[in-house]
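Colleague: So here's run-v7.pdb, just PDB, C-alpha atoms:
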ATOM      1  CA  MET N1261     306.721  41.765 -50.741
ATOM      2  CA  LYS N1262     304.793  43.101 -53.752
ATOM      3  CA  LYS N1263     304.363  39.569 -55.083
ATOM      4  CA  ILE N1264     302.810  38.444 -51.806
ATOM      5  CA  ILE N1265     300.404  41.391 -51.763
ATOM      6  CA  TYR N1266     299.426  40.815 -55.391
ATOM      7  CA  SER N1267     298.956  37.101 -54.693
ATOM      8  CA  LEU N1268     296.718  37.831 -51.708
ATOM      9  CA  LEU N1269     294.679  40.370 -53.671
ATOM     10  CA  LEU N1270     294.272  37.980 -56.572
ATOM     11  CA  GLY N1271     293.324  35.134 -54.223
ATOM     12  CA  SER N1272     290.772  37.239 -52.364
ATOM     13  CA  LEU N1273     289.330  38.437 -55.671
ATOM     14  CA  LEU N1274     288.924  34.869 -56.885
ATOM     15  CA  PHE N1275     287.255  33.649 -53.691
ATOM     16  CA  THR N1276     284.811  36.548 -53.458
ATOM     17  CA  SER N1277     283.797  36.412 -57.117
ATOM     18  CA  CYS N1278     282.214  32.946 -56.864
ATOM     19  CA  LYS N1279     279.507  33.897 -54.386
ATOM     20  CA  ASP N1280     276.031  32.355 -54.940
ATOM     21  CA  GLN N1281     277.062  30.642 -58.143
ATOM     22  CA  ASP N1282     274.892  27.630 -57.327
ATOM     23  CA  LEU N1283     271.794  29.844 -57.572
ATOM     24  CA  MET N1284     272.741  30.964 -61.063
ATOM     25  CA  ASN N1285     272.464  27.441 -62.493
ATOM     26  CA  ILE N1286     268.819  26.879 -61.553
ATOM     27  CA  ASP N1287     266.598  26.591 -64.616
ATOM     28  CA  PRO N1288     263.373  28.553 -63.957
ATOM     29  CA  ASN N1289     261.607  26.720 -66.799
ATOM     30  CA  LYS N1290     262.165  23.290 -65.254
ATOM     31  CA  PRO N1291     260.393  23.143 -61.890
ATOM     32  CA  THR N1292     261.268  20.479 -59.356
ATOM     33  CA  GLN N1293     257.944  20.611 -57.506
ATOM     34  CA  THR N1294     254.388  20.690 -58.805
ATOM     35  CA  HIS N1295     250.867  19.872 -57.711
ATOM     36  CA  PRO N1296     249.884  16.220 -58.291
ATOM     37  CA  GLN N1297     246.755  17.366 -60.130
ATOM     38  CA  LEU N1298     248.926  18.592 -62.987
ATOM     39  CA  LEU N1299     250.602  15.199 -63.259
ATOM     40  CA  LEU N1300     247.330  13.274 -62.980
ATOM     41  CA  THR N1301     245.982  14.508 -66.311
ATOM     42  CA  LYS N1302     248.942  13.072 -68.223
ATOM     43  CA  VAL N1303     248.914   9.842 -66.221
ATOM     44  CA  GLU N1304     245.201   9.302 -66.935
ATOM     45  CA  TRP N1305     245.587  10.133 -70.603
ATOM     46  CA  ASN N1306     248.492   7.740 -71.069
ATOM     47  CA  ALA N1307     246.823   4.926 -69.153
ATOM     48  CA  PHE N1308     243.508   4.849 -70.946
ATOM     49  CA  GLN N1309     244.212   5.953 -74.483
ATOM     50  CA  SER N1310     243.542   3.214 -77.001
ATOM     51  CA  TYR N1311     246.833   3.053 -78.850
ATOM     52  CA  ALA N1312     247.207  -0.722 -78.633
ATOM     53  CA  GLY N1313     244.534  -1.602 -81.192
ATOM     54  CA  THR N1314     242.877  -4.988 -80.865
ATOM     55  CA  GLY N1315     245.973  -6.801 -79.609
ATOM     56  CA  PRO N1316     244.846  -6.849 -75.963
ATOM     57  CA  LEU N1317     241.498  -8.297 -77.023
ATOM     58  CA  TYR N1318     243.228 -11.319 -78.477
ATOM     59  CA  ALA N1319     245.537 -11.553 -75.506
ATOM     60  CA  THR N1320     242.526 -12.609 -73.440
ATOM     61  CA  ARG N1321     242.108 -15.622 -75.757
ATOM     62  CA  MET N1322     239.247 -14.343 -77.828
ATOM     63  CA  LEU N1323     236.817 -13.467 -75.065
ATOM     64  CA  VAL N1324     235.537 -10.729 -77.337
ATOM     65  CA  GLN N1325     233.663 -11.840 -80.431
ATOM     66  CA  SER N1326     235.144 -10.658 -83.690
ATOM     67  CA  ASP N1327     234.568 -11.490 -87.325
ATOM     68  CA  GLY N1328     237.272 -13.100 -89.349
ATOM     69  CA  GLU N1329     240.682 -14.295 -88.461
ATOM     70  CA  SER N1330     243.562 -12.364 -87.017
ATOM     71  CA  GLU N1331     247.208 -13.083 -86.413
ATOM     72  CA  GLY N1332     246.534 -12.500 -82.734
ATOM     73  CA  GLN N1333     244.608 -15.773 -82.636
ATOM     74  CA  TYR N1334     247.842 -17.611 -83.269
ATOM     75  CA  PHE N1335     249.868 -15.729 -80.674
ATOM     76  CA  LYS N1336     251.799 -13.739 -83.256
ATOM     77  CA  TRP N1337     251.861 -10.556 -81.300
ATOM     78  CA  GLY N1338     254.167  -7.701 -82.105
ATOM     79  CA  ARG N1339     257.211  -6.570 -80.250
ATOM     80  CA  GLY N1340     256.977  -5.424 -76.676
ATOM     81  CA  ASP N1341     258.190  -2.092 -75.407
ATOM     82  CA  PHE N1342     259.011  -0.325 -72.193
ATOM     83  CA  SER N1343     256.455   2.471 -72.501
ATOM     84  CA  SER N1344     254.735   1.452 -69.268
ATOM     85  CA  TYR N1345     257.986   1.790 -67.375
ATOM     86  CA  SER N1346     258.631   5.237 -68.797
ATOM     87  CA  LYS N1347     255.106   6.255 -67.777
ATOM     88  CA  MET N1348     255.860   5.074 -64.254
ATOM     89  CA  ARG N1349     258.157   8.080 -63.815
ATOM     90  CA  ASP N1350     255.122  10.369 -63.883
ATOM     91  CA  VAL N1351     253.248   8.111 -61.463
ATOM     92  CA  THR N1352     256.218   8.015 -59.087
ATOM     93  CA  LYS N1353     256.549  11.804 -59.216
ATOM     94  CA  MET N1354     252.812  12.163 -58.532
ATOM     95  CA  ILE N1355     253.145   9.912 -55.470
ATOM     96  CA  GLU N1356     256.140  11.925 -54.234
ATOM     97  CA  GLU N1357     254.318  15.233 -54.642
ATOM     98  CA  ALA N1358     251.146  13.880 -53.006
ATOM     99  CA  THR N1359     253.250  12.769 -50.053
ATOM    100  CA  ARG N1360     254.943  16.166 -49.918
ATOM    101  CA  ILE N1361     251.653  18.085 -49.701
ATOM    102  CA  ASN N1362     249.979  15.326 -47.637
ATOM    103  CA  ASP N1363     247.055  14.725 -50.027
ATOM    104  CA  ASN N1364     245.733  11.191 -49.620
ATOM    105  CA  SER N1365     243.448  11.267 -52.664
ATOM    106  CA  TYR N1366     246.328  11.749 -55.108
ATOM    107  CA  LEU N1367     248.411   9.268 -53.152
ATOM    108  CA  ALA N1368     245.674   6.646 -53.588
ATOM    109  CA  LEU N1369     245.375   7.443 -57.294
ATOM    110  CA  GLY N1370     249.125   7.108 -57.664
ATOM    111  CA  LYS N1371     249.067   3.703 -56.013
ATOM    112  CA  PHE N1372     246.190   2.643 -58.277
ATOM    113  CA  PHE N1373     248.071   3.629 -61.423
ATOM    114  CA  ARG N1374     251.247   2.009 -60.155
ATOM    115  CA  ALA N1375     249.325  -1.257 -59.688
ATOM    116  CA  TYR N1376     247.703  -0.775 -63.111
ATOM    117  CA  TYR N1377     251.061  -0.469 -64.843
ATOM    118  CA  PHE N1378     252.626  -3.348 -62.925
ATOM    119  CA  TYR N1379     249.721  -5.626 -63.771
TER     120      TYR N1379
END
If you took the structure in this file and wrote it as structure tokens, what would it be?
Modeller:
Amino acid sequence: MKKIIYSLLLGSLLFTSCKDQDLMNIDPNKPTQTHPQLLLTKVEWNAFQSYAGTGPLYATRMLVQSDGESEGQYFKWGRGDFSSYSKMRDVTKMIEEATRINDNSYLALGKFFRAYYFY
């Protein structure tokens, strides 16, 4: 009889001690929602910073006059990367947040940047 009582007490102690444990694992420094304006600054900065050099100029088949010769004239471009796809995560999050708060201006900007990166 004592074993049954001790088992029930131990079982009830275990089940009542795990209350609201899912709220303890929420990181307050990593928000899940934000205003799209805060995401727009990073999206704009990443889209229009000139980190590519003159490679895109030569990609348009020398529509821009330049002096001298470059390896880009002979289609010897460097390696490609997936930086545009990683930047799309911010654009997608901005579209989600604009939809959540029902702000059409940020939704339109998100669609513009999505088209910009896909082009």
Colleague: Just the residues within 9 Å of Thr1294 (chain N), please, counting only C-alpha atoms, with nothing from its chain fewer than 5 positions along; format it as a list in words.
Modeller: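 Contacts, in chain order: Leu1299, Met1354 and Glu1357 of chain N.
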Colleague: Since I can't run it myself right now, could you work out what the PyMOL selection byres ((chain N and resi 1367-1371) around 6) selects here and report it as a JSON list (two decimals) with C-alpha atoms, keeping the file's coordinate frame?
Modeller:
[["chain", "number", "residue", "atom", "x", "y", "z"],
["N", 1351, "VAL", "CA", 253.25, 8.11, -61.46],
["N", 1355, "ILE", "CA", 253.14, 9.91, -55.47],
["N", 1358, "ALA", "CA", 251.15, 13.88, -53.01],
["N", 1364, "ASN", "CA", 245.73, 11.19, -49.62],
["N", 1365, "SER", "CA", 243.45, 11.27, -52.66],
["N", 1366, "TYR", "CA", 246.33, 11.75, -55.11],
["N", 1372, "PHE", "CA", 246.19, 2.64, -58.28],
["N", 1373, "PHE", "CA", 248.07, 3.63, -61.42],
["N", 1374, "ARG", "CA", 251.25, 2.01, -60.16]]
Colleague: Tell me, in Å to one decimal, how far CA of Asp1350 (chain N) is from CA of Val1303 (chain N).
Modeller: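 Separation of CA of Asp1350 (chain N) and CA of Val1303 (chain N): 6.7 Å.
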Colleague: So what do you get for CA of Pro1296 (chain N) versus CA of Asp1341 (chain N), distance-wise?
Modeller: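 Computing the Euclidean distance for CA of Pro1296 (chain N) and CA of Asp1341 (chain N) yields 26.4 Å.
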Colleague: CA of Phe1378 (chain N) to CA of Ala1307 (chain N): how many Å, to one decimal?
Modeller: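 About the pair CA of Phe1378 (chain N) and CA of Ala1307 (chain N): they are 11.9 Å apart.
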Colleague: For Lys1347 (chain N), which residue out of N:Ile1361, N:Ile1264, N:Leu1300, N:Leu1270 is the nearest one, using only C-alpha atoms?
Modeller: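 Selected residue with least distance to Lys1347 (chain N): N:Leu1300.
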